[in-house]
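For reference, input.txt is printed below; it contains compact mmCIF, N, CA and C atoms and all ligand atoms.
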```
# COMPACT_ATOMS: atom_id res chain seq x y z
N MET A 1 -25.99 -7.21 31.15
CA MET A 1 -26.75 -6.42 30.18
C MET A 1 -27.70 -7.32 29.40
N THR A 2 -28.91 -6.87 29.24
CA THR A 2 -29.86 -7.61 28.43
C THR A 2 -30.49 -6.67 27.41
N GLY A 3 -30.86 -7.21 26.28
CA GLY A 3 -31.50 -6.42 25.25
C GLY A 3 -30.47 -5.66 24.43
N PRO A 4 -30.94 -5.18 23.29
CA PRO A 4 -30.04 -4.46 22.38
C PRO A 4 -29.71 -3.06 22.91
N ILE A 5 -28.54 -2.58 22.50
CA ILE A 5 -28.15 -1.22 22.88
C ILE A 5 -28.55 -0.26 21.75
N HIS A 6 -29.32 0.74 22.12
CA HIS A 6 -29.77 1.69 21.11
C HIS A 6 -28.70 2.76 20.89
N GLN A 7 -28.33 2.92 19.65
CA GLN A 7 -27.32 3.92 19.32
C GLN A 7 -27.88 4.91 18.32
N THR A 8 -27.47 6.13 18.46
CA THR A 8 -27.88 7.15 17.51
C THR A 8 -26.96 7.13 16.30
N PRO A 9 -27.49 6.85 15.14
CA PRO A 9 -26.65 6.67 13.95
C PRO A 9 -25.78 7.88 13.65
N GLU A 10 -26.33 9.08 13.83
CA GLU A 10 -25.58 10.27 13.45
C GLU A 10 -24.54 10.68 14.49
N GLN A 11 -24.55 10.00 15.63
CA GLN A 11 -23.58 10.35 16.66
C GLN A 11 -22.29 9.55 16.42
N GLN A 12 -21.37 10.17 15.73
CA GLN A 12 -20.16 9.46 15.33
C GLN A 12 -19.01 9.70 16.29
N ASN A 13 -18.96 10.87 16.86
CA ASN A 13 -17.92 11.17 17.83
C ASN A 13 -18.35 10.65 19.19
N THR A 14 -17.64 9.68 19.70
CA THR A 14 -18.06 9.04 20.95
C THR A 14 -17.95 9.98 22.13
N ASP A 15 -17.22 11.07 21.96
CA ASP A 15 -17.11 12.04 23.04
C ASP A 15 -18.30 12.98 23.08
N THR A 16 -19.05 13.02 22.01
CA THR A 16 -20.17 13.94 21.93
C THR A 16 -21.36 13.44 22.73
N VAL A 17 -21.96 14.32 23.49
CA VAL A 17 -23.13 13.97 24.29
C VAL A 17 -24.21 15.01 24.04
N PRO A 18 -25.46 14.68 24.34
CA PRO A 18 -26.54 15.66 24.18
C PRO A 18 -26.31 16.90 25.03
N GLU A 19 -26.84 18.02 24.55
CA GLU A 19 -26.59 19.29 25.24
C GLU A 19 -27.17 19.31 26.65
N ASP A 20 -28.19 18.50 26.88
CA ASP A 20 -28.82 18.51 28.20
C ASP A 20 -28.18 17.52 29.16
N THR A 21 -27.07 16.93 28.76
CA THR A 21 -26.39 15.99 29.64
C THR A 21 -25.71 16.73 30.79
N PRO A 22 -25.93 16.28 32.03
CA PRO A 22 -25.28 16.92 33.17
C PRO A 22 -23.77 16.83 33.08
N PHE A 23 -23.10 17.83 33.58
CA PHE A 23 -21.64 17.84 33.62
C PHE A 23 -21.03 17.75 32.23
N ALA A 24 -21.70 18.39 31.28
CA ALA A 24 -21.14 18.45 29.94
C ALA A 24 -20.85 19.90 29.60
N ALA A 25 -19.89 20.10 28.73
CA ALA A 25 -19.53 21.46 28.38
C ALA A 25 -19.10 21.53 26.92
N GLU A 26 -19.08 22.75 26.43
CA GLU A 26 -18.73 22.96 25.04
C GLU A 26 -17.21 22.91 24.87
N ASN A 27 -16.78 22.19 23.87
CA ASN A 27 -15.36 22.11 23.58
C ASN A 27 -15.12 22.24 22.08
N THR A 28 -13.93 22.59 21.74
CA THR A 28 -13.59 22.68 20.33
C THR A 28 -13.63 21.29 19.69
N CYS A 29 -14.27 21.22 18.56
CA CYS A 29 -14.40 19.95 17.85
C CYS A 29 -13.01 19.46 17.43
N ARG A 30 -12.74 18.23 17.77
CA ARG A 30 -11.41 17.69 17.45
C ARG A 30 -11.31 17.28 15.99
N ARG A 31 -12.43 16.90 15.42
CA ARG A 31 -12.38 16.43 14.02
C ARG A 31 -12.00 17.55 13.08
N CYS A 32 -12.61 18.72 13.28
CA CYS A 32 -12.36 19.83 12.36
C CYS A 32 -11.50 20.90 13.02
N LYS A 33 -11.07 20.65 14.23
CA LYS A 33 -10.23 21.58 14.98
C LYS A 33 -10.89 22.94 15.13
N GLY A 34 -12.22 22.94 15.20
CA GLY A 34 -12.94 24.18 15.44
C GLY A 34 -13.25 24.98 14.20
N THR A 35 -12.86 24.45 13.05
CA THR A 35 -13.13 25.19 11.82
C THR A 35 -14.55 24.97 11.33
N GLY A 36 -15.16 23.87 11.75
CA GLY A 36 -16.51 23.56 11.31
C GLY A 36 -16.55 22.88 9.95
N LYS A 37 -15.40 22.67 9.38
CA LYS A 37 -15.36 22.03 8.06
C LYS A 37 -14.30 20.93 8.03
N VAL A 38 -14.61 19.89 7.27
CA VAL A 38 -13.65 18.81 7.04
C VAL A 38 -13.57 18.55 5.54
N ASP A 39 -12.39 18.72 5.02
CA ASP A 39 -12.19 18.53 3.58
C ASP A 39 -13.16 19.37 2.75
N GLY A 40 -13.45 20.55 3.22
CA GLY A 40 -14.31 21.46 2.46
C GLY A 40 -15.79 21.24 2.69
N ASN A 41 -16.13 20.24 3.48
CA ASN A 41 -17.53 19.97 3.76
C ASN A 41 -17.83 20.25 5.23
N ARG A 42 -19.10 20.41 5.52
CA ARG A 42 -19.49 20.66 6.90
C ARG A 42 -19.11 19.48 7.79
N CYS A 43 -18.49 19.79 8.91
CA CYS A 43 -18.06 18.74 9.82
C CYS A 43 -19.28 18.00 10.39
N PRO A 44 -19.28 16.67 10.27
CA PRO A 44 -20.42 15.88 10.75
C PRO A 44 -20.49 15.80 12.27
N ASP A 45 -19.38 16.05 12.92
CA ASP A 45 -19.36 15.92 14.39
C ASP A 45 -19.99 17.13 15.07
N CYS A 46 -19.71 18.32 14.55
CA CYS A 46 -20.18 19.53 15.21
C CYS A 46 -21.22 20.25 14.37
N GLN A 47 -21.60 19.65 13.26
CA GLN A 47 -22.59 20.24 12.35
C GLN A 47 -22.14 21.59 11.84
N GLY A 48 -20.85 21.80 11.75
CA GLY A 48 -20.33 23.04 11.20
C GLY A 48 -20.15 24.14 12.22
N SER A 49 -20.45 23.85 13.47
CA SER A 49 -20.34 24.88 14.50
C SER A 49 -18.91 25.02 15.01
N GLY A 50 -18.11 23.99 14.81
CA GLY A 50 -16.74 24.02 15.31
C GLY A 50 -16.63 23.65 16.77
N LYS A 51 -17.77 23.39 17.38
CA LYS A 51 -17.76 23.04 18.80
C LYS A 51 -18.64 21.83 19.05
N VAL A 52 -18.28 21.06 20.06
CA VAL A 52 -19.07 19.89 20.43
C VAL A 52 -19.31 19.90 21.94
N ILE A 53 -20.37 19.23 22.35
CA ILE A 53 -20.64 19.10 23.78
C ILE A 53 -20.04 17.79 24.27
N THR A 54 -19.14 17.88 25.23
CA THR A 54 -18.46 16.69 25.71
C THR A 54 -18.56 16.60 27.22
N PRO A 55 -18.43 15.40 27.77
CA PRO A 55 -18.50 15.25 29.23
C PRO A 55 -17.35 15.95 29.93
N VAL A 56 -17.61 16.35 31.17
CA VAL A 56 -16.61 17.05 31.95
C VAL A 56 -16.33 16.27 33.24
N GLY A 57 -15.10 16.29 33.67
CA GLY A 57 -14.80 15.71 34.97
C GLY A 57 -13.86 14.51 34.91
N GLY A 58 -13.67 13.95 33.75
CA GLY A 58 -12.74 12.84 33.63
C GLY A 58 -13.23 11.57 34.30
N ALA A 59 -14.55 11.46 34.48
CA ALA A 59 -15.08 10.27 35.12
C ALA A 59 -15.27 9.12 34.13
N GLY A 60 -15.11 9.42 32.86
CA GLY A 60 -15.33 8.41 31.84
C GLY A 60 -14.10 7.64 31.55
ZN ZN B 101 -16.27 19.67 13.83
```
Rewritten as C-alpha cells:
Amino acid sequence: MTGPIHQTPEQQNTDTVPEDTPFAAENTCRRCKGTGKVDGNRCPDCQGSGKVITPVGGAG
C-alpha cells in the first residue's frame, strides 16, 4: 500500500457502506437497535432511520 488512506469522518460504523455499494443491504442499526436514537439523541450511525446499509455475503 502506498499513499494515505482516505476515510470519511462521519462514517463511524465500520459495517456501514454507501447505498450504491454492490452486494449491500439494509439492516437494523446495531448501535440504536433500530430505534434511531441513542441516549435520546439521533443515532449517528443510521442518522435516525434505525437502519444501516451493510455488506452482504460474509466475504468480509
Ligand atoms: Zn442507529
Using only C-alpha atoms and all ligand atoms, the best pick from A:Ala25, A:Val52, A:Val17, A:Ile5 as closest to ligand ZN 101 (chain B) would be A:Val52
What separates CA of Pro55 (chain A) and CA of Arg30 (chain A) is a distance of 14.0 Å
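Contacts with ligand ZN 101 (chain B) are defined as any residue atom within 5 Å of a ligand atom, using all atoms listed in the file; the residues meeting this criterion are Cys29, Arg31, Cys32, Gly36, Cys43, Asp45, Cys46 and Gly50 of chain A.
Using only C-alpha atoms, the nearest neighbour of Lys37 (chain A) within the list A:Pro4, A:Asn13, A:Glu19, A:Ser49 is A:Ser49.
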So that I can see what lies close to Glu26 (chain A), please list as a PyMOL selection string the residues with an atom at most 6.5 Å from it, counting all atoms listed in the file and leaving out residues fewer than 2 positions away in the same chain. chain A and resi 24+28+51-54
Could those residues be written to a file, using N, CA and C atoms, as a PDB file, in the coordinates of the input?
```pdb
ATOM      1  N   ALA A  24     -21.700  18.390  31.280  1.00  0.00           N
ATOM      2  CA  ALA A  24     -21.140  18.450  29.940  1.00  0.00           C
ATOM      3  C   ALA A  24     -20.850  19.900  29.600  1.00  0.00           C
ATOM      4  N   THR A  28     -13.930  22.590  21.740  1.00  0.00           N
ATOM      5  CA  THR A  28     -13.590  22.680  20.330  1.00  0.00           C
ATOM      6  C   THR A  28     -13.630  21.290  19.690  1.00  0.00           C
ATOM      7  N   LYS A  51     -17.770  23.390  17.380  1.00  0.00           N
ATOM      8  CA  LYS A  51     -17.760  23.040  18.800  1.00  0.00           C
ATOM      9  C   LYS A  51     -18.640  21.830  19.050  1.00  0.00           C
ATOM     10  N   VAL A  52     -18.280  21.060  20.060  1.00  0.00           N
ATOM     11  CA  VAL A  52     -19.070  19.890  20.430  1.00  0.00           C
ATOM     12  C   VAL A  52     -19.310  19.900  21.940  1.00  0.00           C
ATOM     13  N   ILE A  53     -20.370  19.230  22.350  1.00  0.00           N
ATOM     14  CA  ILE A  53     -20.640  19.100  23.780  1.00  0.00           C
ATOM     15  C   ILE A  53     -20.040  17.790  24.270  1.00  0.00           C
ATOM     16  N   THR A  54     -19.140  17.880  25.230  1.00  0.00           N
ATOM     17  CA  THR A  54     -18.460  16.690  25.710  1.00  0.00           C
ATOM     18  C   THR A  54     -18.560  16.600  27.220  1.00  0.00           C
TER      19      THR A  54
END
```
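Atom C of Asp39 (chain A) lies 19.6 Å from atom C of Asn27 (chain A).
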Students should find that CA of Thr14 (chain A) and atom C of Lys33 (chain A) are spaced 16.7 Å
ask   = Among chain A, which ones does DSSP place in strand (DSSP E), written as a count of residues only?
value = 14
